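What follows is the content of entry19.pdb (PDB, C-alpha atoms and all ligand atoms).
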```pdb
MODEL        1
ATOM      1  CA  MET A   1     116.908 102.489 107.939
ATOM      2  CA  HIS A   2     118.214 100.055 105.335
ATOM      3  CA  GLN A   3     120.549 101.500 102.742
ATOM      4  CA  ALA A   4     120.804  98.435 100.513
ATOM      5  CA  GLU A   5     120.753  98.993  96.770
ATOM      6  CA  ILE A   6     117.581  98.084  94.928
ATOM      7  CA  GLY A   7     117.875  95.265  92.382
ATOM      8  CA  PRO A   8     119.341  96.302  89.029
ATOM      9  CA  SER A   9     116.226  95.529  86.983
ATOM     10  CA  TYR A  10     114.062  98.004  88.904
ATOM     11  CA  MET A  11     113.965 101.330  87.095
ATOM     12  CA  PHE A  12     114.587 103.386  90.195
ATOM     13  CA  SER A  13     117.624 101.268  91.011
ATOM     14  CA  GLY A  14     119.802 104.369  91.309
ATOM     15  CA  ASN A  15     117.970 105.105  94.565
ATOM     16  CA  LYS A  16     118.949 103.782  97.955
ATOM     17  CA  LEU A  17     116.197 101.554  99.259
ATOM     18  CA  GLY A  18     115.475 103.874 102.213
ATOM     19  CA  GLU A  19     115.025 106.829  99.846
ATOM     20  CA  GLU A  20     112.739 104.783  97.628
ATOM     21  CA  TRP A  21     110.586 103.794 100.623
ATOM     22  CA  HIS A  22     110.384 107.476 101.536
ATOM     23  CA  ARG A  23     109.187 108.322  98.019
ATOM     24  CA  LEU A  24     106.686 105.451  98.012
ATOM     25  CA  THR A  25     105.320 106.472 101.417
ATOM     26  CA  ALA A  26     104.611 110.008 100.153
ATOM     27  CA  GLN A  27     103.064 108.557  96.998
ATOM     28  CA  ASN A  28     100.907 106.157  99.020
ATOM     29  CA  GLU A  29      99.550 109.062 101.066
ATOM     30  CA  GLY A  30      98.705 110.924  97.854
ATOM     31  CA  PHE A  31      96.907 107.912  96.461
ATOM     32  CA  LYS A  32      94.998 107.311  99.683
ATOM     33  CA  ASN A  33      93.833 110.918  99.731
ATOM     34  CA  TYR A  34      92.676 110.568  96.161
ATOM     35  CA  LEU A  35      90.607 107.505  97.148
ATOM     36  CA  ASN A  36      89.235 109.327 100.235
ATOM     37  CA  GLY A  37      91.017 106.841 102.468
ATOM     38  CA  LYS A  38      89.513 103.797 100.737
ATOM     39  CA  LEU A  39      91.610 100.765  99.867
ATOM     40  CA  THR A  40      90.187 100.535  96.369
ATOM     41  CA  LEU A  41      87.223 101.536  94.231
ATOM     42  CA  ALA A  42      86.536  97.843  93.521
ATOM     43  CA  PRO A  43      83.455  96.447  95.330
ATOM     44  CA  LEU A  44      85.299  93.820  97.366
ATOM     45  CA  GLU A  45      83.211  91.559  99.585
ATOM     46  CA  ASN A  46      84.991  89.750 102.350
ATOM     47  CA  PRO A  47      87.999  88.453 100.362
ATOM     48  CA  ARG A  48      89.937  85.611 102.018
ATOM     49  CA  SER A  49      93.156  85.634 100.035
ATOM     50  CA  ILE A  50      94.820  88.778  98.745
ATOM     51  CA  ILE A  51      98.150  89.227  97.003
ATOM     52  CA  ASP A  52      99.814  92.588  96.476
ATOM     53  CA  MET A  53     102.380  92.275  93.683
ATOM     54  CA  GLY A  54     105.248  94.763  93.725
ATOM     55  CA  ALA A  55     104.225  95.742  97.258
ATOM     56  CA  GLY A  56     107.018  98.290  97.852
ATOM     57  CA  THR A  57     106.793  99.430 101.479
ATOM     58  CA  GLY A  58     103.810  97.121 102.077
ATOM     59  CA  ALA A  59     101.536 100.067 102.884
ATOM     60  CA  TRP A  60      98.628  98.932 100.709
ATOM     61  CA  ALA A  61      98.969  95.310 101.839
ATOM     62  CA  ALA A  62      99.032  96.406 105.498
ATOM     63  CA  ASP A  63      95.828  98.408 105.009
ATOM     64  CA  ALA A  64      94.204  95.428 103.257
ATOM     65  CA  ALA A  65      95.217  93.146 106.138
ATOM     66  CA  THR A  66      93.757  95.596 108.674
ATOM     67  CA  ILE A  67      90.498  96.129 106.801
ATOM     68  CA  TYR A  68      90.063  92.388 106.169
ATOM     69  CA  PRO A  69      91.398  90.691 109.318
ATOM     70  CA  GLU A  70      89.949  87.337 108.188
ATOM     71  CA  ALA A  71      91.959  87.446 104.987
ATOM     72  CA  GLU A  72      95.459  86.134 104.403
ATOM     73  CA  VAL A  73      97.405  88.882 102.682
ATOM     74  CA  LEU A  74     100.635  88.196 100.820
ATOM     75  CA  ALA A  75     102.902  91.104  99.888
ATOM     76  CA  VAL A  76     105.438  90.259  97.185
ATOM     77  CA  ASP A  77     108.382  92.324  96.028
ATOM     78  CA  MET A  78     111.838  91.634  94.666
ATOM     79  CA  SER A  79     113.263  94.168  97.142
ATOM     80  CA  PRO A  80     113.412  93.573 100.891
ATOM     81  CA  PHE A  81     110.562  94.797 103.050
ATOM     82  CA  PRO A  82     110.907  97.645 105.592
ATOM     83  CA  ASP A  83     111.568  96.518 109.145
ATOM     84  CA  ARG A  84     108.333  97.559 110.863
ATOM     85  CA  ASN A  85     105.318  95.987 112.552
ATOM     86  CA  PHE A  86     102.776  94.563 110.153
ATOM     87  CA  PRO A  87      99.381  92.982 110.910
ATOM     88  CA  SER A  88      99.756  89.275 111.752
ATOM     89  CA  ASN A  89      97.639  88.243 108.732
ATOM     90  CA  LEU A  90     100.168  89.856 106.378
ATOM     91  CA  LYS A  91     103.100  87.808 105.073
ATOM     92  CA  TYR A  92     105.927  89.052 102.911
ATOM     93  CA  GLN A  93     107.665  87.077 100.172
ATOM     94  CA  GLN A  94     110.742  88.344  98.359
ATOM     95  CA  PHE A  95     110.362  87.195  94.785
ATOM     96  CA  ASN A  96     110.994  88.333  91.211
ATOM     97  CA  LEU A  97     107.614  88.299  89.508
ATOM     98  CA  LEU A  98     109.252  87.706  86.133
ATOM     99  CA  ASP A  99     110.130  84.196  87.318
ATOM    100  CA  GLU A 100     107.712  81.291  87.199
ATOM    101  CA  PHE A 101     105.054  81.862  89.869
ATOM    102  CA  PRO A 102     105.333  79.615  92.925
ATOM    103  CA  TRP A 103     101.563  79.860  93.604
ATOM    104  CA  ARG A 104      98.869  77.481  92.376
ATOM    105  CA  ASN A 105      96.336  78.626  89.811
ATOM    106  CA  GLU A 106      93.132  80.026  91.347
ATOM    107  CA  SER A 107      94.843  80.912  94.635
ATOM    108  CA  PHE A 108      93.642  84.486  95.209
ATOM    109  CA  ASP A 109      90.349  86.361  95.573
ATOM    110  CA  VAL A 110      92.124  89.658  94.976
ATOM    111  CA  ILE A 111      95.263  90.442  93.044
ATOM    112  CA  HIS A 112      96.438  94.016  93.436
ATOM    113  CA  MET A 113      99.285  95.775  91.709
ATOM    114  CA  ARG A 114      99.976  99.466  91.881
ATOM    115  CA  PHE A 115     102.672 101.064  89.756
ATOM    116  CA  LEU A 116     104.154  97.639  89.067
ATOM    117  CA  MET A 117     103.258  97.203  85.393
ATOM    118  CA  TYR A 118     105.379 100.198  84.467
ATOM    119  CA  HIS A 119     108.357  98.013  85.439
ATOM    120  CA  ILE A 120     107.243  94.790  83.770
ATOM    121  CA  PRO A 121     108.255  94.003  80.161
ATOM    122  CA  TYR A 122     105.745  92.334  77.813
ATOM    123  CA  GLY A 123     102.776  93.431  79.918
ATOM    124  CA  ALA A 124     100.116  91.485  77.986
ATOM    125  CA  LYS A 125     101.885  88.174  78.627
ATOM    126  CA  PHE A 126     102.364  89.040  82.267
ATOM    127  CA  ILE A 127      98.659  89.843  82.749
ATOM    128  CA  ALA A 128      97.734  86.550  81.062
ATOM    129  CA  ARG A 129      99.935  84.683  83.602
ATOM    130  CA  VAL A 130      98.570  86.661  86.532
ATOM    131  CA  VAL A 131      94.947  86.007  85.600
ATOM    132  CA  GLN A 132      95.480  82.278  86.100
ATOM    133  CA  LEU A 133      96.138  82.939  89.789
ATOM    134  CA  LEU A 134      92.667  84.426  90.309
ATOM    135  CA  LYS A 135      89.866  82.396  91.826
ATOM    136  CA  PRO A 136      86.604  82.423  89.843
ATOM    137  CA  GLY A 137      84.786  85.665  90.686
ATOM    138  CA  GLY A 138      88.019  87.254  91.898
ATOM    139  CA  PHE A 139      89.248  90.790  91.331
ATOM    140  CA  LEU A 140      92.343  91.938  89.491
ATOM    141  CA  ILE A 141      92.999  95.529  90.570
ATOM    142  CA  ILE A 142      95.663  97.447  88.684
ATOM    143  CA  GLU A 143      96.616 101.078  89.170
ATOM    144  CA  ASP A 144      99.290 102.338  86.863
ATOM    145  CA  SER A 145     100.441 105.353  84.947
ATOM    146  CA  CYS A 146     101.182 106.740  81.545
ATOM    147  CA  LEU A 147     104.252 108.862  81.163
ATOM    148  CA  LEU A 148     103.993 111.988  83.264
ATOM    149  CA  ARG A 149     102.410 114.922  81.505
ATOM    150  CA  TYR A 150     101.530 118.326  82.861
ATOM    151  CA  PRO A 151      98.085 119.665  81.970
ATOM    152  CA  ASP A 152      99.428 123.022  80.805
ATOM    153  CA  GLY A 153     101.924 121.547  78.400
ATOM    154  CA  ILE A 154     105.588 121.044  78.994
ATOM    155  CA  GLY A 155     108.705 123.061  78.390
ATOM    156  CA  PRO A 156     111.795 121.972  76.463
ATOM    157  CA  ALA A 157     113.600 120.539  79.513
ATOM    158  CA  GLN A 158     110.628 118.358  80.459
ATOM    159  CA  GLN A 159     110.190 117.420  76.815
ATOM    160  CA  LYS A 160     113.822 116.308  76.703
ATOM    161  CA  GLN A 161     113.436 114.349  79.898
ATOM    162  CA  ASN A 162     110.349 112.610  78.475
ATOM    163  CA  GLU A 163     112.279 111.671  75.326
ATOM    164  CA  ILE A 164     115.111 110.224  77.395
ATOM    165  CA  SER A 165     112.656 108.332  79.602
ATOM    166  CA  ILE A 166     110.802 106.886  76.613
ATOM    167  CA  ALA A 167     114.042 105.742  74.948
ATOM    168  CA  PHE A 168     115.212 104.216  78.220
ATOM    169  CA  LEU A 169     111.926 102.374  78.805
ATOM    170  CA  HIS A 170     111.855 101.041  75.254
ATOM    171  CA  SER A 171     115.448  99.825  75.604
ATOM    172  CA  ARG A 172     114.233  97.665  78.491
ATOM    173  CA  GLY A 173     111.133  96.360  76.738
ATOM    174  CA  LEU A 174     108.946  98.566  78.947
ATOM    175  CA  ASP A 175     105.880 100.536  77.895
ATOM    176  CA  PRO A 176     105.751 104.252  78.817
ATOM    177  CA  TYR A 177     102.002 104.256  78.147
ATOM    178  CA  ILE A 178     101.222 101.025  79.960
ATOM    179  CA  GLY A 179      98.295 102.605  81.821
ATOM    180  CA  SER A 180      96.393 103.122  78.586
ATOM    181  CA  HIS A 181      96.961  99.514  77.434
ATOM    182  CA  LEU A 182      95.825  97.624  80.514
ATOM    183  CA  GLU A 183      92.162  97.422  79.533
ATOM    184  CA  GLU A 184      92.979  95.772  76.198
ATOM    185  CA  PHE A 185      95.382  93.349  77.928
ATOM    186  CA  MET A 186      92.612  92.316  80.306
ATOM    187  CA  GLN A 187      90.107  91.979  77.480
ATOM    188  CA  ALA A 188      92.577  89.816  75.558
ATOM    189  CA  THR A 189      92.607  87.237  78.358
ATOM    190  CA  GLY A 190      88.865  86.633  77.854
ATOM    191  CA  ALA A 191      88.724  85.860  81.567
ATOM    192  CA  PHE A 192      86.648  88.755  82.897
ATOM    193  CA  GLU A 193      82.897  89.278  83.026
ATOM    194  CA  VAL A 194      83.336  92.942  83.912
ATOM    195  CA  ILE A 195      86.269  95.248  83.195
ATOM    196  CA  SER A 196      86.030  98.690  84.709
ATOM    197  CA  ALA A 197      88.698 101.142  83.587
ATOM    198  CA  ARG A 198      89.158 104.804  84.299
ATOM    199  CA  MET A 199      91.889 107.242  83.395
ATOM    200  CA  GLU A 200      92.555 110.265  85.570
ATOM    201  CA  PRO A 201      95.051 113.099  85.436
ATOM    202  CA  LEU A 202      96.687 112.690  88.812
ATOM    203  CA  CYS A 203      99.648 114.337  90.466
ATOM    204  CA  LEU A 204     100.903 112.042  93.217
ATOM    205  CA  ASN A 205     104.099 113.690  94.270
ATOM    206  CA  PRO A 206     104.545 117.358  95.137
ATOM    207  CA  LEU A 207     106.038 119.354  92.290
ATOM    208  CA  PRO A 208     109.010 121.525  93.188
ATOM    209  CA  THR A 209     107.965 125.079  93.952
ATOM    210  CA  GLY A 210     109.909 128.293  93.371
ATOM    211  CA  LYS A 211     112.721 128.697  90.937
ATOM    212  CA  PHE A 212     113.803 125.593  89.053
ATOM    213  CA  THR A 213     117.524 125.007  89.177
ATOM    214  CA  PRO A 214     119.520 122.080  87.795
ATOM    215  CA  SER A 215     119.641 120.630  91.302
ATOM    216  CA  SER A 216     115.816 120.501  91.342
ATOM    217  CA  PHE A 217     116.090 117.496  89.064
ATOM    218  CA  ARG A 218     117.545 114.140  89.909
ATOM    219  CA  CYS A 219     117.911 111.473  87.325
ATOM    220  CA  HIS A 220     118.465 107.770  87.966
ATOM    221  CA  LEU A 221     119.141 106.472  84.469
TER     222      LEU A 221
HETATM  223  C1  LIG B 301     106.792 102.066  91.948
HETATM  224  S1  LIG B 301     106.979 100.807  93.156
HETATM  225  C2  LIG B 301     105.306 100.654  93.752
HETATM  226  C3  LIG B 301     105.224 100.027  95.124
HETATM  227  C4  LIG B 301     103.820  99.878  95.700
HETATM  228  N1  LIG B 301     102.978  99.057  94.873
HETATM  229  C5  LIG B 301     103.170 101.217  95.925
HETATM  230  O1  LIG B 301     102.267 101.564  95.183
HETATM  231  O2  LIG B 301     103.617 101.924  96.846
HETATM  232  C6  LIG B 301     107.215  99.362  92.203
HETATM  233  C7  LIG B 301     107.595  98.170  93.051
HETATM  234  O3  LIG B 301     107.614  97.025  92.209
HETATM  235  C8  LIG B 301     108.720  96.239  92.555
HETATM  236  N2  LIG B 301     109.086  95.446  91.377
HETATM  237  C9  LIG B 301     109.461  95.915  90.158
HETATM  238  N3  LIG B 301     109.728  94.883  89.340
HETATM  239  C10 LIG B 301     109.494  93.744  90.065
HETATM  240  C11 LIG B 301     109.619  92.367  89.786
HETATM  241  N4  LIG B 301     110.020  91.933  88.584
HETATM  242  N5  LIG B 301     109.326  91.469  90.762
HETATM  243  C12 LIG B 301     108.935  91.899  91.988
HETATM  244  N6  LIG B 301     108.811  93.189  92.316
HETATM  245  C13 LIG B 301     109.094  94.114  91.370
HETATM  246  C14 LIG B 301     109.801  97.228  92.969
HETATM  247  O4  LIG B 301     110.779  96.612  93.790
HETATM  248  C15 LIG B 301     108.978  98.290  93.686
HETATM  249  O5  LIG B 301     108.894  98.030  95.066
ENDMDL
END
```
Full structure transcribed into structure tokens:
Amino acid sequence: MHQAEIGPSYMFSGNKLGEEWHRLTAQNEGFKNYLNGKLTLAPLENPRSIIDMGAGTGAWAADAATIYPEAEVLAVDMSPFPDRNFPSNLKYQQFNLLDEFPWRNESFDVIHMRFLMYHIPYGAKFIARVVQLLKPGGFLIIEDSCLLRYPDGIGPAQQKQNEISIAFLHSRGLDPYIGSHLEEFMQATGAFEVISARMEPLCLNPLPTGKFTPSSFRCHL
């Protein structure tokens, strides 16, 4: 397993890449279960060109490539990709999405990004750039989060951690509540006939069980 450091502008850059892939794999399983094994809730019909931005381990892109064998799927991330077998119609490109895009406008039928926007400053501008890459009639599929909250309220330690996280995100021009702003960003582009948004309370990673001790928490600030 690779143990390279993740790039410094990625929030979880304190992690080793192998550990981050492990976390993302568990998270991907959680998300897949939530979707009952489906790739997406969007009504895709035989897409030919798909890009997954901020692809992480490539798990979503690999599923897309398997489900749509006629499609060319491009997985993009600024970190290296895991060394494993991927479907032959899946290509990987290492690229920082904050740089000028190397793809032509109207290149993709589907643009997917999951838990990427949380790491992207000035989200509205980014979405406006991304939209130009969509073919007419294409789908922009975004799954992202608002800052973690527990349904039963939070204690002082979690409250403190939230405050630290919010201050940290703001210091980097990032939006802790990005998930709740995506619909307005999409509307602002004026590019979409239909925008379908839903917000769900969702726990993707297992919470620690038993007694909480200081070592239950790891912080990567
Ligand atoms: C939370 S992970 C999500 C990975 C994957 N989409 C998933 O759901 O499993 C965010 C990913 O976005 C990538 N990322 C963050 N900022 C990026 C940027 N500016 N350019 C390219 N990739 C970026 C990170 O390297 C990381 O793999």
Exercise. Could you list, as a PyMOL selection string, all the residues within 9 Å of ligand LIG 301 (chain B), counting all atoms listed in the file?
Worked result: chain A and resi 6-7+9-13+20-21+23-28+31+52-61+76-81+94-99+112-121+143-144
Problem set entry | Contacts of region 126-129 of chain A within 9 Å, only C-alpha atoms, excl. fewer than 2 positions in-chain, as a ChimeraX atom specification | /A:97-98,101,117,120-124,131-133,182,185-186,188-189
Taking every listed atom of region 56-74 of chain A and adding 5 Å to each side, what centre and edge lengths in Å (one decimal) does the axis-aligned box have, as AutoDock Vina command-line options?
```
--center_x 98.5 --center_y 93.1 --center_z 103.6 --size_x 27.1 --size_y 23.9 --size_z 21.5
```
Exercise. To one decimal place, how far is CA of Tyr68 (chain A) from CA of Asn89 (chain A) in Å?
Worked result: 9.0 Å
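CA of Leu39 (chain A) to CA of Leu174 (chain A) spans 27.3 Å [interatomic distance, one decimal].
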Going by the chain IDs and residue numbers used in this file, which residues fall under the PyMOL selection byres (((chain A and resi 49) around 8) and not hetatm)? Write them as a short mmCIF file (atom, residue, chain, number, x, y, z; two decimals) with C-alpha atoms, in the frame of the given file.
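The resulting file, part_34.cif, is reproduced below:
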```cif
data_model
loop_
_atom_site.label_atom_id
_atom_site.label_comp_id
_atom_site.auth_asym_id
_atom_site.auth_seq_id
_atom_site.Cartn_x
_atom_site.Cartn_y
_atom_site.Cartn_z
CA PRO A 47 88.00 88.45 100.36
CA ARG A 48 89.94 85.61 102.02
CA ILE A 50 94.82 88.78 98.74
CA ILE A 51 98.15 89.23 97.00
CA ALA A 71 91.96 87.45 104.99
CA GLU A 72 95.46 86.13 104.40
CA VAL A 73 97.40 88.88 102.68
CA LEU A 74 100.64 88.20 100.82
CA SER A 107 94.84 80.91 94.64
CA PHE A 108 93.64 84.49 95.21
CA ASP A 109 90.35 86.36 95.57
CA VAL A 110 92.12 89.66 94.98
#
```
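As for CA of Pro87 (chain A) and CA of Ala65 (chain A), they are spaced 6.3 Å apart.
Applying the 10 Å criterion to (85.1, 87.6, 85.9) in file coordinates and using all atoms listed in the file, one obtains the residues Val131, Leu134, Lys135, Pro136, Gly137, Gly138, Phe139, Leu140, Gly190, Ala191, Phe192, Glu193, Val194 and Ile195 of chain A.
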